[in-house]
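Everything below belongs to query.cif, which stores mmCIF, C-alpha atoms and all ligand atoms.
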```
data_start
loop_
_atom_site.label_atom_id
_atom_site.label_comp_id
_atom_site.auth_asym_id
_atom_site.auth_seq_id
_atom_site.Cartn_x
_atom_site.Cartn_y
_atom_site.Cartn_z
CA MET A 1 9.59 12.16 26.75
CA SER A 2 11.66 13.07 23.73
CA VAL A 3 11.20 16.36 21.95
CA SER A 4 11.00 16.02 18.20
CA PRO A 5 14.22 17.41 16.78
CA GLN A 6 12.63 19.68 14.17
CA PRO A 7 9.86 22.24 14.55
CA HIS A 8 7.13 22.63 11.91
CA LEU A 9 9.16 23.62 8.87
CA SER A 10 6.45 24.38 6.30
CA SER A 11 3.82 22.40 8.16
CA ASN A 12 0.19 23.05 7.36
CA PRO A 13 -0.79 25.39 10.27
CA GLN A 14 -4.50 24.56 10.08
CA LEU A 15 -3.76 20.87 10.42
CA VAL A 16 -1.31 21.49 13.27
CA HIS A 17 -3.97 23.44 15.22
CA LEU A 18 -6.65 20.82 14.56
CA LEU A 19 -4.29 18.07 15.69
CA ALA A 20 -3.49 19.99 18.85
CA ASP A 21 -7.24 20.31 19.60
CA HIS A 22 -7.68 16.59 18.94
CA ILE A 23 -4.86 15.75 21.34
CA LEU A 24 -6.27 18.08 24.03
CA ALA A 25 -9.65 16.37 23.71
CA SER A 26 -8.17 12.85 23.94
CA PRO A 27 -7.77 10.78 27.13
CA GLN A 28 -4.55 11.75 28.94
CA GLN A 29 -4.14 14.43 26.28
CA ARG A 30 -2.23 12.14 23.98
CA ILE A 31 -2.90 10.06 20.88
CA THR A 32 -1.21 6.95 19.49
CA PHE A 33 1.27 7.47 16.70
CA ALA A 34 -1.14 5.52 14.46
CA ASP A 35 -3.82 8.12 15.14
CA TYR A 36 -1.30 10.90 14.44
CA MET A 37 -0.30 9.25 11.14
CA ASP A 38 -3.94 8.80 10.16
CA TRP A 39 -4.57 12.51 10.70
CA VAL A 40 -1.53 13.84 8.90
CA LEU A 41 -2.10 11.60 5.88
CA TYR A 42 -5.89 11.36 5.70
CA HIS A 43 -7.54 14.26 7.50
CA PRO A 44 -10.47 14.89 5.10
CA GLN A 45 -9.50 18.53 4.40
CA HIS A 46 -5.86 18.91 5.35
CA GLY A 47 -4.24 15.47 5.24
CA TYR A 48 -1.41 14.81 2.80
CA TYR A 49 -3.50 12.53 0.57
CA SER A 50 -6.53 14.79 0.78
CA ARG A 51 -4.80 17.89 -0.54
CA TYR A 52 -1.88 16.85 -2.60
CA ALA A 53 -3.04 14.62 -5.42
CA GLU A 54 -0.41 16.22 -7.64
CA LYS A 55 2.34 15.33 -5.17
CA ILE A 56 2.46 11.74 -6.41
CA GLY A 57 4.47 11.38 -9.62
CA ALA A 58 7.63 12.70 -11.21
CA GLN A 59 6.85 16.31 -10.20
CA GLY A 60 5.83 15.33 -6.68
CA ASP A 61 7.28 13.48 -3.71
CA PHE A 62 7.48 9.90 -4.98
CA VAL A 63 6.71 7.71 -8.00
CA THR A 64 5.14 4.25 -8.11
CA SER A 65 5.19 1.52 -10.76
CA PRO A 66 2.16 2.85 -12.69
CA HIS A 67 4.12 6.08 -13.26
CA MET A 68 6.64 4.10 -15.32
CA GLY A 69 4.14 3.82 -18.16
CA ARG A 70 1.46 1.44 -19.31
CA ASP A 71 3.49 -1.80 -19.10
CA PHE A 72 2.90 -2.39 -15.39
CA GLY A 73 -0.89 -2.26 -15.72
CA GLU A 74 -0.91 -4.20 -18.96
CA LEU A 75 1.19 -7.01 -17.56
CA LEU A 76 -1.01 -7.24 -14.47
CA ALA A 77 -4.01 -7.37 -16.81
CA VAL A 78 -2.46 -10.44 -18.46
CA GLN A 79 -2.53 -12.11 -15.05
CA MET A 80 -6.09 -10.99 -14.41
CA VAL A 81 -7.36 -12.51 -17.64
CA GLN A 82 -5.86 -15.82 -16.56
CA LEU A 83 -7.58 -15.50 -13.17
CA TRP A 84 -10.87 -14.94 -14.96
CA HIS A 85 -10.38 -18.19 -16.86
CA HIS A 86 -9.33 -20.03 -13.69
CA LEU A 87 -12.58 -18.95 -12.06
CA ASP A 88 -14.45 -20.35 -15.08
CA ARG A 89 -15.16 -16.97 -16.66
CA PRO A 90 -17.67 -15.61 -14.11
CA GLN A 91 -20.16 -12.94 -15.17
CA PRO A 92 -19.68 -10.43 -13.74
CA PHE A 93 -15.96 -10.63 -13.11
CA HIS A 94 -15.00 -8.26 -10.31
CA LEU A 95 -11.73 -6.41 -10.17
CA LEU A 96 -11.50 -4.34 -7.01
CA GLU A 97 -8.57 -1.94 -6.82
CA MET A 98 -7.89 -0.59 -3.34
CA GLY A 99 -5.96 2.68 -2.96
CA ALA A 100 -5.96 3.57 -6.64
CA GLY A 101 -3.92 6.80 -6.33
CA GLN A 102 -4.26 8.84 -9.50
CA GLY A 103 -6.07 6.07 -11.38
CA LEU A 104 -3.12 5.28 -13.64
CA LEU A 105 -3.15 1.55 -13.00
CA ALA A 106 -6.91 1.34 -13.47
CA HIS A 107 -6.58 3.19 -16.75
CA ASP A 108 -3.89 0.88 -18.10
CA VAL A 109 -5.62 -2.33 -16.98
CA LEU A 110 -8.98 -1.24 -18.42
CA ARG A 111 -7.54 -0.02 -21.73
CA TYR A 112 -5.61 -3.24 -22.21
CA LEU A 113 -8.59 -5.45 -21.44
CA ALA A 114 -10.87 -3.43 -23.70
CA ASP A 115 -8.41 -3.63 -26.60
CA HIS A 116 -7.08 -7.18 -26.21
CA HIS A 117 -9.67 -9.15 -24.25
CA PRO A 118 -13.10 -7.73 -25.10
CA ASP A 119 -14.82 -10.90 -23.84
CA CYS A 120 -13.38 -10.34 -20.37
CA PHE A 121 -13.89 -6.56 -20.55
CA GLN A 122 -17.58 -7.00 -21.38
CA VAL A 123 -18.30 -8.85 -18.15
CA LEU A 124 -15.96 -6.73 -16.04
CA GLU A 125 -17.08 -4.71 -13.04
CA TYR A 126 -14.13 -2.60 -11.95
CA GLY A 127 -14.53 -1.22 -8.45
CA ILE A 128 -12.31 1.26 -6.65
CA VAL A 129 -12.09 1.72 -2.89
CA GLU A 130 -10.16 4.92 -2.23
CA LYS A 131 -9.85 6.91 0.97
CA SER A 132 -8.84 10.30 -0.42
CA PRO A 133 -11.62 12.47 -1.89
CA ALA A 134 -9.04 14.46 -3.90
CA LEU A 135 -7.68 11.30 -5.48
CA ILE A 136 -11.19 10.00 -6.22
CA ALA A 137 -11.80 13.23 -8.14
CA GLU A 138 -8.60 12.71 -10.10
CA GLN A 139 -9.44 9.05 -10.79
CA ARG A 140 -12.89 10.04 -12.08
CA GLN A 141 -11.31 12.57 -14.39
CA ARG A 142 -8.66 10.18 -15.70
CA LEU A 143 -11.06 7.29 -16.23
CA GLY A 144 -13.70 9.64 -17.72
CA ALA A 145 -15.12 7.80 -20.71
CA ILE A 146 -14.66 4.28 -19.35
CA ALA A 147 -16.18 5.24 -16.01
CA SER A 148 -19.23 6.81 -17.61
CA SER A 149 -19.90 3.56 -19.52
CA GLY A 150 -20.61 2.00 -16.11
CA THR A 151 -17.64 -0.37 -16.05
CA VAL A 152 -15.98 1.52 -13.18
CA ARG A 153 -17.62 2.35 -9.88
CA TRP A 154 -16.36 3.85 -6.63
CA TYR A 155 -17.33 2.22 -3.36
CA THR A 156 -16.86 2.52 0.34
CA TRP A 157 -16.51 -0.86 2.05
CA ASP A 158 -20.00 -0.43 3.52
CA GLN A 159 -21.43 -0.34 0.01
CA ILE A 160 -19.95 -3.74 -0.91
CA PRO A 161 -22.16 -6.54 0.41
CA SER A 162 -20.62 -9.42 2.28
CA GLN A 163 -19.53 -12.39 0.07
CA SER A 164 -20.42 -10.47 -3.08
CA LEU A 165 -17.15 -10.37 -5.03
CA VAL A 166 -16.08 -13.02 -7.52
CA GLY A 167 -12.77 -12.03 -9.05
CA CYS A 168 -9.62 -10.33 -7.87
CA CYS A 169 -9.03 -7.65 -5.22
CA PHE A 170 -5.66 -5.97 -5.69
CA SER A 171 -3.48 -3.10 -4.57
CA ASN A 172 -0.17 -1.49 -5.33
CA GLU A 173 1.53 0.37 -2.46
CA LEU A 174 -1.61 0.49 -0.33
CA VAL A 175 -0.54 -1.38 2.79
CA ASP A 176 2.62 0.74 3.25
CA ALA A 177 0.33 3.78 3.44
CA PHE A 178 -1.72 2.47 6.37
CA PRO A 179 -1.17 4.20 9.73
CA VAL A 180 1.09 2.15 11.99
CA HIS A 181 1.50 1.93 15.75
CA LEU A 182 5.00 2.70 16.98
CA VAL A 183 6.32 0.54 19.81
CA GLU A 184 9.54 0.77 21.76
CA THR A 185 11.16 -1.46 24.34
CA GLN A 186 11.96 -0.02 27.75
CA GLN A 187 13.52 -2.13 30.49
CA GLN A 188 12.34 -5.33 28.85
CA GLN A 189 8.77 -4.05 28.49
CA LEU A 190 6.90 -3.38 25.27
CA ARG A 191 5.72 0.24 25.34
CA GLU A 192 3.81 2.35 22.84
CA VAL A 193 4.79 5.71 21.39
CA TYR A 194 2.16 8.41 21.91
CA VAL A 195 2.10 11.93 20.52
CA THR A 196 1.29 14.76 22.88
CA LEU A 197 1.77 18.51 23.12
CA GLY A 198 5.09 19.98 24.15
CA PRO A 199 6.02 23.49 25.20
CA SER A 200 5.13 25.90 22.42
CA THR A 201 8.16 27.71 21.10
CA ASP A 202 6.52 29.71 18.31
CA ASP A 203 2.93 30.44 17.44
CA LEU A 204 2.35 26.83 16.41
CA PRO A 205 1.81 24.01 18.92
CA GLN A 206 4.71 21.54 19.18
CA PHE A 207 4.31 17.79 19.19
CA VAL A 208 6.45 15.55 21.35
CA GLU A 209 6.57 11.82 21.91
CA GLN A 210 5.80 10.01 25.12
CA LEU A 211 6.07 6.32 25.95
CA GLY A 212 3.07 4.69 27.61
CA ASP A 213 1.18 1.46 28.11
CA LEU A 214 -0.01 -0.35 25.00
CA SER A 215 -3.25 1.03 23.56
CA SER A 216 -4.34 -2.47 22.54
CA ASP A 217 -3.58 -6.06 23.57
CA ARG A 218 -3.37 -6.82 19.87
CA LEU A 219 0.10 -5.25 19.85
CA CYS A 220 1.36 -7.98 22.20
CA THR A 221 -0.54 -10.73 20.41
CA TYR A 222 0.97 -9.54 17.14
CA PHE A 223 4.50 -10.38 18.25
CA GLU A 224 3.43 -13.56 20.07
CA THR A 225 1.81 -14.85 16.88
CA LEU A 226 5.00 -14.15 14.96
CA GLY A 227 7.05 -15.90 17.65
CA ILE A 228 9.24 -12.80 18.02
CA ASP A 229 10.15 -11.27 21.39
CA ILE A 230 11.73 -7.87 20.88
CA THR A 231 11.90 -7.17 24.63
CA HIS A 232 14.88 -9.42 25.31
CA ALA A 233 18.38 -9.99 23.94
CA PRO A 234 19.57 -9.88 21.26
CA TYR A 235 17.24 -6.90 20.93
CA PRO A 236 18.72 -3.77 22.54
CA ASP A 237 16.77 -1.68 25.03
CA GLY A 238 15.15 1.20 23.17
CA TYR A 239 14.44 -0.96 20.11
CA ARG A 240 11.73 0.83 18.14
CA THR A 241 9.56 -0.53 15.38
CA GLU A 242 6.09 -0.41 13.85
CA VAL A 243 3.00 -2.61 13.99
CA ASN A 244 0.43 -2.37 11.21
CA LEU A 245 -2.89 -3.38 12.78
CA VAL A 246 -4.87 -1.66 10.03
CA ALA A 247 -3.42 -4.21 7.60
CA GLN A 248 -5.02 -6.99 9.66
CA ASP A 249 -8.38 -5.20 9.73
CA TRP A 250 -8.14 -4.66 5.99
CA LEU A 251 -7.49 -8.38 5.35
CA HIS A 252 -10.54 -9.18 7.41
CA THR A 253 -12.67 -6.73 5.39
CA VAL A 254 -11.45 -8.04 2.04
CA ALA A 255 -11.98 -11.67 3.05
CA GLN A 256 -15.46 -10.81 4.21
CA ARG A 257 -16.44 -9.22 0.87
CA LEU A 258 -14.72 -11.82 -1.35
CA GLN A 259 -16.84 -14.84 -2.12
CA ARG A 260 -14.51 -16.55 -4.57
CA GLY A 261 -11.25 -15.39 -6.01
CA TYR A 262 -7.92 -13.76 -5.32
CA LEU A 263 -6.17 -11.05 -3.36
CA LEU A 264 -3.02 -9.69 -5.00
CA THR A 265 -0.86 -7.36 -2.91
CA ILE A 266 2.18 -5.54 -4.28
CA ASP A 267 4.31 -3.50 -1.92
CA TYR A 268 7.74 -3.04 -0.43
CA GLY A 269 8.41 -5.05 2.66
CA TYR A 270 10.09 -7.95 4.35
CA THR A 271 9.38 -11.24 6.00
CA ALA A 272 8.85 -10.84 9.77
CA GLN A 273 12.35 -12.13 10.51
CA ARG A 274 13.93 -9.45 8.36
CA TYR A 275 11.48 -6.74 9.40
CA TYR A 276 12.11 -7.30 13.08
CA ALA A 277 15.81 -8.07 12.81
CA PRO A 278 17.62 -7.06 16.04
CA THR A 279 19.84 -4.72 14.03
CA ARG A 280 16.91 -2.73 12.59
CA THR A 281 16.74 -0.69 15.79
CA GLY A 282 14.76 2.27 14.42
CA GLY A 283 12.11 0.46 12.37
CA THR A 284 11.20 1.27 8.78
CA LEU A 285 9.13 4.45 9.07
CA GLN A 286 10.09 6.86 6.31
CA CYS A 287 8.93 10.33 5.32
CA TYR A 288 8.97 11.47 1.69
CA TYR A 289 9.19 15.07 0.66
CA HIS A 290 10.28 16.09 -2.84
CA HIS A 291 11.81 12.67 -3.64
CA ALA A 292 14.07 12.87 -0.58
CA HIS A 293 13.45 10.72 2.44
CA HIS A 294 14.16 11.20 6.11
CA SER A 295 12.75 9.86 9.36
CA ASP A 296 11.17 12.83 11.14
CA PRO A 297 7.37 12.57 11.02
CA TYR A 298 6.96 15.92 12.83
CA ARG A 299 8.31 17.97 9.94
CA TYR A 300 6.23 19.24 7.02
CA ILE A 301 3.06 18.11 8.81
CA GLY A 302 0.37 17.40 6.22
CA GLN A 303 2.82 18.13 3.40
CA GLN A 304 4.92 14.97 3.38
CA ASP A 305 4.15 11.29 2.91
CA LEU A 306 4.71 8.86 5.77
CA THR A 307 5.12 5.17 5.09
CA ALA A 308 6.29 1.96 6.71
CA HIS A 309 7.41 -1.30 5.11
CA VAL A 310 5.00 -4.21 4.93
CA ASN A 311 5.35 -7.33 7.06
CA PHE A 312 4.44 -9.97 4.48
CA THR A 313 4.61 -12.78 7.05
CA ASP A 314 1.80 -11.11 8.98
CA LEU A 315 -0.28 -10.68 5.81
CA GLU A 316 0.15 -14.40 5.12
CA ARG A 317 -0.50 -15.62 8.66
CA HIS A 318 -3.32 -13.26 9.46
CA GLY A 319 -4.76 -13.96 6.01
CA GLU A 320 -5.03 -17.65 6.93
CA THR A 321 -7.05 -16.77 10.04
CA VAL A 322 -9.64 -14.88 7.97
CA GLY A 323 -9.89 -17.47 5.19
CA LEU A 324 -7.30 -16.21 2.72
CA SER A 325 -4.87 -18.99 1.73
CA LYS A 326 -1.47 -18.19 0.37
CA LEU A 327 -1.04 -19.23 -3.26
CA GLY A 328 2.42 -17.79 -3.69
CA PHE A 329 4.87 -15.01 -3.02
CA THR A 330 7.34 -13.56 -5.48
CA GLN A 331 9.19 -10.39 -6.39
CA GLN A 332 7.70 -7.83 -8.75
CA GLY A 333 10.56 -8.22 -11.24
CA LEU A 334 10.02 -11.97 -11.46
CA LEU A 335 6.25 -11.59 -11.66
CA LEU A 336 6.45 -9.14 -14.53
CA MET A 337 9.06 -11.22 -16.38
CA ALA A 338 6.77 -14.25 -16.11
CA LEU A 339 3.93 -12.14 -17.49
CA GLY A 340 5.88 -11.03 -20.56
CA LEU A 341 8.14 -8.13 -19.63
CA GLY A 342 11.12 -9.84 -21.29
CA ASP A 343 9.19 -10.21 -24.54
CA ARG A 344 8.35 -6.52 -24.43
CA LEU A 345 12.03 -5.67 -24.00
CA ALA A 346 12.98 -7.95 -26.88
CA LEU A 347 10.39 -6.29 -29.11
CA LEU A 348 12.08 -2.96 -28.50
CA SER A 349 15.18 -4.19 -30.29
CA ASN A 350 13.11 -4.36 -33.49
CA PRO A 351 13.16 -0.79 -34.92
CA ALA A 352 9.90 -1.43 -36.76
CA THR A 353 8.01 -1.63 -33.44
CA VAL A 354 9.22 1.72 -32.07
CA PRO A 355 8.16 5.09 -33.49
CA ASP A 356 11.29 7.04 -32.51
CA VAL A 357 14.50 6.83 -30.52
CA GLN A 358 13.17 8.84 -27.60
CA THR A 359 10.24 6.47 -27.15
CA LEU A 360 12.64 3.56 -27.39
CA PHE A 361 14.84 4.92 -24.60
CA GLN A 362 11.87 5.84 -22.38
CA ARG A 363 10.20 2.45 -22.67
CA ARG A 364 13.45 0.58 -22.18
CA GLU A 365 14.22 2.64 -19.09
CA ALA A 366 10.71 2.09 -17.73
CA LEU A 367 10.84 -1.68 -18.25
CA HIS A 368 14.23 -1.89 -16.57
CA ALA A 369 12.98 0.22 -13.64
CA LEU A 370 9.98 -2.07 -13.13
CA MET A 371 12.24 -5.09 -12.69
CA ASN A 372 15.26 -3.41 -11.08
CA PRO A 373 16.23 -5.71 -8.17
CA MET A 374 17.51 -2.66 -6.26
CA GLY A 375 14.20 -0.85 -6.66
CA LEU A 376 10.66 -1.61 -7.84
CA GLY A 377 11.64 -5.08 -9.03
CA ASN A 378 12.37 -6.05 -5.43
CA PHE A 379 8.84 -5.28 -4.22
CA GLY A 380 6.98 -8.25 -2.81
CA VAL A 381 3.92 -9.74 -4.50
CA LEU A 382 1.65 -11.86 -2.36
CA ILE A 383 -1.20 -13.79 -3.96
CA GLN A 384 -3.88 -15.24 -1.69
CA SER A 385 -7.13 -16.94 -2.55
CA LYS A 386 -10.51 -17.61 -1.03
CA GLY A 387 -13.35 -19.98 -1.85
CA LEU A 388 -11.53 -21.94 -4.55
CA THR A 389 -11.88 -25.68 -4.99
CA ASP A 390 -8.72 -27.78 -4.58
CA VAL A 391 -8.51 -28.12 -8.36
CA GLU A 392 -8.82 -24.36 -8.84
CA ARG A 393 -6.15 -23.72 -6.23
CA GLN A 394 -3.74 -25.97 -8.03
CA GLN A 395 -4.03 -24.23 -11.38
CA PRO A 396 -0.64 -22.62 -12.01
CA LEU A 397 -0.59 -18.82 -12.06
CA GLN A 398 1.40 -17.34 -14.92
CA GLY A 399 2.96 -14.63 -12.75
CA LEU A 400 4.30 -17.18 -10.28
CA HIS A 401 5.75 -19.42 -12.95
CA HIS A 402 9.38 -18.45 -13.26
CA PRO A 403 11.33 -19.80 -16.18
CA PRO A 404 14.65 -21.38 -15.11
CA LEU A 405 17.38 -18.68 -15.15
C1 LIG B 1 1.13 5.26 -1.94
S1 LIG B 1 -0.40 5.61 -2.67
C2 LIG B 1 -0.41 4.41 -4.01
C3 LIG B 1 -1.32 4.81 -5.12
C4 LIG B 1 -1.41 3.87 -6.31
N1 LIG B 1 -1.84 2.54 -5.95
C5 LIG B 1 -0.09 3.79 -7.05
O1 LIG B 1 0.49 2.73 -7.13
O2 LIG B 1 0.34 4.83 -7.56
C6 LIG B 1 -1.54 4.92 -1.48
C7 LIG B 1 -2.98 5.03 -1.92
O3 LIG B 1 -3.81 4.30 -1.00
C8 LIG B 1 -4.89 5.14 -0.60
N2 LIG B 1 -5.36 4.65 0.70
C9 LIG B 1 -4.72 4.67 1.87
N3 LIG B 1 -5.44 4.08 2.84
C10 LIG B 1 -6.56 3.63 2.24
C11 LIG B 1 -7.69 2.89 2.70
N4 LIG B 1 -7.82 2.52 3.97
N5 LIG B 1 -8.64 2.59 1.81
C12 LIG B 1 -8.54 2.96 0.52
N6 LIG B 1 -7.49 3.66 0.03
C13 LIG B 1 -6.52 3.99 0.88
C14 LIG B 1 -4.29 6.53 -0.64
O4 LIG B 1 -5.24 7.55 -0.62
C15 LIG B 1 -3.54 6.43 -1.97
O5 LIG B 1 -4.42 6.52 -3.06
#
```
Take the structure in the file and write it out as structure tokens.
Ligand SMILES: C[S@@+](CC[C@H](N)C(=O)[O-])C[C@H]1O[C@@H](n2cnc3c(N)ncnc32)[C@H](O)[C@@H]1O
Amino acid sequence: MSVSPQPHLSSNPQLVHLLADHILASPQQRITFADYMDWVLYHPQHGYYSRYAEKIGAQGDFVTSPHMGRDFGELLAVQMVQLWHHLDRPQPFHLLEMGAGQGLLAHDVLRYLADHHPDCFQVLEYGIVEKSPALIAEQRQRLGAIASSGTVRWYTWDQIPSQSLVGCCFSNELVDAFPVHLVETQQQQLREVYVTLGPSTDDLPQFVEQLGDLSSDRLCTYFETLGIDITHAPYPDGYRTEVNLVAQDWLHTVAQRLQRGYLLTIDYGYTAQRYYAPTRTGGTLQCYYHHAHHSDPYRYIGQQDLTAHVNFTDLERHGETVGLSKLGFTQQGLLLMALGLGDRLALLSNPATVPDVQTLFQRREALHALMNPMGLGNFGVLIQSKGLTDVERQQPLQGLHHPPL
């Protein structure tokens, strides 16, 4: 058992007490780390994403690509119009955004399509699947007029019939926000990290970690499927990492709802070989609080974001098992360049296209940030498809077509 190094600095006391009750009511009075992460991020009243809509963005704990301005959404919309054509202009054309945050991306995609591709916009059904009630409220507010015209609807997965979607399901920084299991090696065994109650040192319960047997055989299968054995050399004893089983369940759900079309996933992550490199002994779990990051998930409980990198190899391989075939993988910077980011930068050098110097600097900075290879530009973009004919699968996608450097 290892006591978490920090007590509850500015944790949400209500959430801490509820979590303690949940742990006491659970078998062996412990919960998996994945369950803990689900509670602290998504508890319906007190979870980070349920209470702190305003904590995403420049004034909050972290920013995402849509916060850089409208270019990200507009460039993705360019790709979506091409997908619509590739699918032979279906009516309706479904765009399903999963984990839409504050609705910025939806706003920029919808505005761009309405203004530049009215034929596509007219047949568009834009759906949002979002877990946080607070963020749904913010999305509704932001999308106001467009949403009331009926183009945008909010769904739970249960409300989307099987095989009903023809179009593109997509997400930006969704998969990194899924709760992950923590595993650790101990004497050449794969063990799971559980969260339980420790001795109380102040009036708030304390959480401590405990290693135990795996909560699911899927954790073993996960590594077997990847052909990676972290229990033996060169992996050191005590090697700790994460397993994102929710990502696999999510792929299954998407594939089940998608009749014909695409799944586009943008996130930070690695291939399995890099993710589970023997030298990455502490995994990738990160906590974000006021734009600073650290690795203690037992601080600021309910007030900080928790996230883990995405294993793109697993998304690809597991995708294949549920009927999603890989069409391509690229980096965000390359994707956006192929969709016209370079042209947008070039336009900025023409003073007639920019209202004032401040706008010029802001847009230039935003465009550079979106393709920065040390930052957002290095995010992975995985495009998978389902239900396409061989001819449709072979149609080149603009975002994956990189001009020679
Ligand atoms: C890191 S934020 C990214 C928000 C937005 N896509 C952006 O780029 O700014 C993760 C988002 O995914 C949502 N989310 C997490 N798990 C979800 C799930 N299982 N289903 C739907 N939304 C989920 C969160 O509530 C939040 O809106």
Item to check | Surroundings of ligand LIG 1 (chain B) up to 9 Å, based on only C-alpha atoms and all ligand atoms, as a PyMOL selection string | outcome: chain A and resi 38+41-42+48-50+53+56-57+62-67+97-105+128-136+156-157+171-179+246-247+250+266-267+305+307
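The residue that comes closest to A:Pro373, out of A:Val193, A:Tyr268, A:Thr281, A:Gln210 and on the basis of only C-alpha atoms, is A:Tyr268.
Taking atom CA of A:Pro199 and atom CA of A:Val183 as the two end points, the separation is 23.6 Å.
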Item to check | Among the residues A:Arg51, A:Arg260, A:His43, A:Arg280, the one that comes closest to A:Pro234 [using all atoms listed in the file] | outcome: A:Arg280
Checklist entry - Closest to A:Ser200 among A:Gly227, A:Val357, A:Gly380, A:Ala20, using all atoms listed in the file? => result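 Result for the nearest residue to A:Ser200: A:Ala20.
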Checklist entry - So, counting only C-alpha atoms, which residue among A:Leu397, A:Leu324, A:His181, A:Gln332 is closest to A:Gly375? => result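 Ranking A:Leu397, A:Leu324, A:His181, A:Gln332 by distance to A:Gly375, first place goes to A:Gln332.
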Checklist entry - How far is it from atom CA of A:Phe121 to atom CA of A:Asp71, in Å with one decimal? => result 18.1 Å
Checklist entry - atom CA of A:Pro161 and atom CA of A:Ile146, how far apart in Å? => result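 Interatomic distance here is 23.7 Å.
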Checklist entry - Which residues, written as a PyMOL selection string, have at least one atom at most 12 Å from A:Val354, with only C-alpha atoms counted and residues fewer than 6 positions away on the same chain left out? => result chain A and resi 344-348+360-364
Item to check | Point (-9.5, -20.2, -14.5) neighbourhood (10 Å, all atoms listed in the file) written as a ChimeraX atom specification | outcome: /A:80-90,261,392-393,395-397
Item to check | A:Glu74, A:Asp296, A:Glu125, A:Glu224 ranked by distance to A:Leu165, top pick (using all atoms listed in the file) | outcome: A:Glu125
Checklist entry - Nearest to A:Gln304: which of A:His401, A:His46, A:Arg70, A:Lys386 is it, counting all atoms listed in the file? => result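 When distances to A:Gln304 are compared using all atoms listed in the file, the smallest one comes from A:His46.
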Coordinates of box centre and edge lengths for stretch 65-68 of chain A, 4 Å on every side, axis-aligned, as lines of an AutoDock Vina configuration file:
```
center_x = 4.4
center_y = 3.8
center_z = -13.0
size_x = 12.5
size_y = 12.6
size_z = 12.6
```
